Amino acid sequence: MKFAPDGYAFMFGTFAVAVLLAFWCRWTLVLTLPVLAIVVYFFRDPERTPEGPGWISPADGKVIEIFETEHPYTGKALKIGVFMNVFSVHVNRMPSSGTIEYLEYAPGKKWFANADKASLENERMYVGYRDEHGPVLLVQIAGLVARRIVCRLRKGDSLERAQRFGMIKFGSKVDVYLPLTAKVTVKLGDQVYAGQTVIAEPNS
């Protein structure tokens, strides 16, 4: 099993605490080992293969929003929101291949990520890129317990479909803005997987 590099400090720190406490009292392992297992599980990063052509989900989780909206980068667009719970893989991936054109960080609050106002008021990172069908926007949104949004991108970077670009530590939601011509292949309540589940296809 592969793990997200951003989790190494958490995993090694938890392991070190477990070892030190075990020297003091071996029975502390009853508490520390389950905590270590949870931390390791949270930062897992399995390999994924896209299920077919089209835009793939940028995050693991449940589809909680599908509607038309707009943003200065994309103009009018089709928004699909994916909510990640604590059991989801939290590594984020590119829905399609493209070149990064727009990056903007917005500090904000810590509402529940599945709340309607989270997309506008929570801490978030905007990632805009252009693929063969036009501009696409990703929004990493921190939730109630999320501690940090990780985005490793710079303007001008060219990434491949399903390539990893960041994660949200202990958090929470990713929105994707697609061209209005996109044909949605998921519905509200569907479970989707980053780098694997096709969420929309271009209309031919």
# chains A, B, ... in the order shown; residues from 1 in each chain; ligands from 1
call {"tool": "select_by_dssp", "arguments": {"residues": "segment 3-66 of chain A", "states": "strand (DSSP E or B)", "output": "list in words"}}
result
Phe3, Arg44, Trp55, Ile56, Gly61, Lys62, Val63, Ile64, Glu65 and Ile66 of chain A
call {"tool": "closest_atom_pairs", "arguments": {"of": "segment 2-95 of chain A", "to": "segment 187-199 of chain A", "cutoff": "10 Å", "atoms": "only C-alpha atoms", "output": "JSON lines"}}
result
{"residue": "A:Pro46", "atom": "CA", "partner": "A:Ala194", "partner_atom": "CA", "distance": 9.9}
{"residue": "A:Glu47", "atom": "CA", "partner": "A:Gly195", "partner_atom": "CA", "distance": 8.5}
{"residue": "A:Arg48", "atom": "CA", "partner": "A:Gly195", "partner_atom": "CA", "distance": 5.6}
{"residue": "A:Thr49", "atom": "CA", "partner": "A:Gln196", "partner_atom": "CA", "distance": 5.3}
{"residue": "A:Pro50", "atom": "CA", "partner": "A:Gln196", "partner_atom": "CA", "distance": 4.0}
{"residue": "A:Glu51", "atom": "CA", "partner": "A:Gln196", "partner_atom": "CA", "distance": 5.5}
{"residue": "A:Gly52", "atom": "CA", "partner": "A:Val198", "partner_atom": "CA", "distance": 6.6}
{"residue": "A:Pro53", "atom": "CA", "partner": "A:Val198", "partner_atom": "CA", "distance": 7.2}
{"residue": "A:Gly54", "atom": "CA", "partner": "A:Val198", "partner_atom": "CA", "distance": 6.1}
{"residue": "A:Trp55", "atom": "CA", "partner": "A:Val198", "partner_atom": "CA", "distance": 5.6}
{"residue": "A:Ile56", "atom": "CA", "partner": "A:Val198", "partner_atom": "CA", "distance": 4.2}
{"residue": "A:Ser57", "atom": "CA", "partner": "A:Ala194", "partner_atom": "CA", "distance": 4.9}
{"residue": "A:Pro58", "atom": "CA", "partner": "A:Ala194", "partner_atom": "CA", "distance": 4.9}
{"residue": "A:Ala59", "atom": "CA", "partner": "A:Ala194", "partner_atom": "CA", "distance": 4.2}
{"residue": "A:Asp60", "atom": "CA", "partner": "A:Tyr193", "partner_atom": "CA", "distance": 4.2}
{"residue": "A:Gly61", "atom": "CA", "partner": "A:Val192", "partner_atom": "CA", "distance": 5.5}
{"residue": "A:Lys62", "atom": "CA", "partner": "A:Gln191", "partner_atom": "CA", "distance": 4.6}
{"residue": "A:Val63", "atom": "CA", "partner": "A:Leu188", "partner_atom": "CA", "distance": 5.2}
{"residue": "A:Ile64", "atom": "CA", "partner": "A:Leu188", "partner_atom": "CA", "distance": 5.5}
{"residue": "A:Glu65", "atom": "CA", "partner": "A:Leu188", "partner_atom": "CA", "distance": 6.5}
{"residue": "A:Ile66", "atom": "CA", "partner": "A:Leu188", "partner_atom": "CA", "distance": 7.1}
{"residue": "A:Ile80", "atom": "CA", "partner": "A:Ile199", "partner_atom": "CA", "distance": 8.4}
{"residue": "A:Gly81", "atom": "CA", "partner": "A:Leu188", "partner_atom": "CA", "distance": 9.4}
{"residue": "A:Val82", "atom": "CA", "partner": "A:Val192", "partner_atom": "CA", "distance": 8.0}
{"residue": "A:Phe83", "atom": "CA", "partner": "A:Gln191", "partner_atom": "CA", "distance": 9.5}
{"residue": "A:Met84", "atom": "CA", "partner": "A:Val192", "partner_atom": "CA", "distance": 9.8}
{"residue": "A:Ser88", "atom": "CA", "partner": "A:Tyr193", "partner_atom": "CA", "distance": 8.7}
{"residue": "A:Val89", "atom": "CA", "partner": "A:Ala194", "partner_atom": "CA", "distance": 8.1}
{"residue": "A:His90", "atom": "CA", "partner": "A:Ala194", "partner_atom": "CA", "distance": 8.7}
{"residue": "A:Val91", "atom": "CA", "partner": "A:Ala194", "partner_atom": "CA", "distance": 7.7}
{"residue": "A:Asn92", "atom": "CA", "partner": "A:Ala194", "partner_atom": "CA", "distance": 6.5}
{"residue": "A:Arg93", "atom": "CA", "partner": "A:Gly195", "partner_atom": "CA", "distance": 5.8}
{"residue": "A:Met94", "atom": "CA", "partner": "A:Gly195", "partner_atom": "CA", "distance": 7.2}
{"residue": "A:Pro95", "atom": "CA", "partner": "A:Gly195", "partner_atom": "CA", "distance": 7.1}
call {"tool": "closest_residue", "arguments": {"among": "A:Glu101, A:Asp6, A:Glu201, A:Glu70", "to": "Gly128 of chain A", "atoms": "only C-alpha atoms"}}
result
A:Glu101
call {"tool": "closest_residue", "arguments": {"among": "A:Thr185, A:Thr69, A:Ala162, A:Ile168", "to": "Leu137 of chain A", "atoms": "only C-alpha atoms"}}
result
A:Thr69
call {"tool": "residues_around", "arguments": {"residues": "Phe67 of chain A", "least_positions_apart": "3", "cutoff": "9 Å", "atoms": "only C-alpha atoms", "output": "PyMOL selection string"}}
result
chain A and resi 77-80
call {"tool": "closest_residue", "arguments": {"among": "A:Asn85, A:Asn122, A:Ser158, A:Thr32", "to": "Val17 of chain A", "atoms": "only C-alpha atoms"}}
result
A:Thr32
call {"tool": "select_by_dssp", "arguments": {"residues": "chain A", "states": "alpha helix (DSSP H)", "output": "MDAnalysis selection string"}}
result
chainID A and resid 8:24 29:42 118:121
call {"tool": "closest_residue", "arguments": {"among": "A:Val176, A:Phe23, A:Glu104, A:Glu123", "to": "Lys155 of chain A", "atoms": "only C-alpha atoms"}}
result
A:Glu104
call {"tool": "closest_residue", "arguments": {"among": "A:Leu159, A:Ala9, A:Ala18, A:Leu33", "to": "Tyr129 of chain A", "atoms": "only C-alpha atoms"}}
result
A:Leu159
call {"tool": "atom_distance", "arguments": {"atom1": "atom CA of Ala182 of chain A", "atom2": "atom CA of Tyr73 of chain A"}}
result
17.0 Å
call {"tool": "closest_residue", "arguments": {"among": "A:His133, A:Arg124, A:Arg161, A:His71", "to": "Ile149 of chain A", "atoms": "only C-alpha atoms"}}
result
A:Arg124
call {"tool": "residues_around", "arguments": {"residues": "Asp157 of chain A", "least_positions_apart": "4", "cutoff": "8 Å", "atoms": "only C-alpha atoms", "output": "count of residues only"}}
result
3
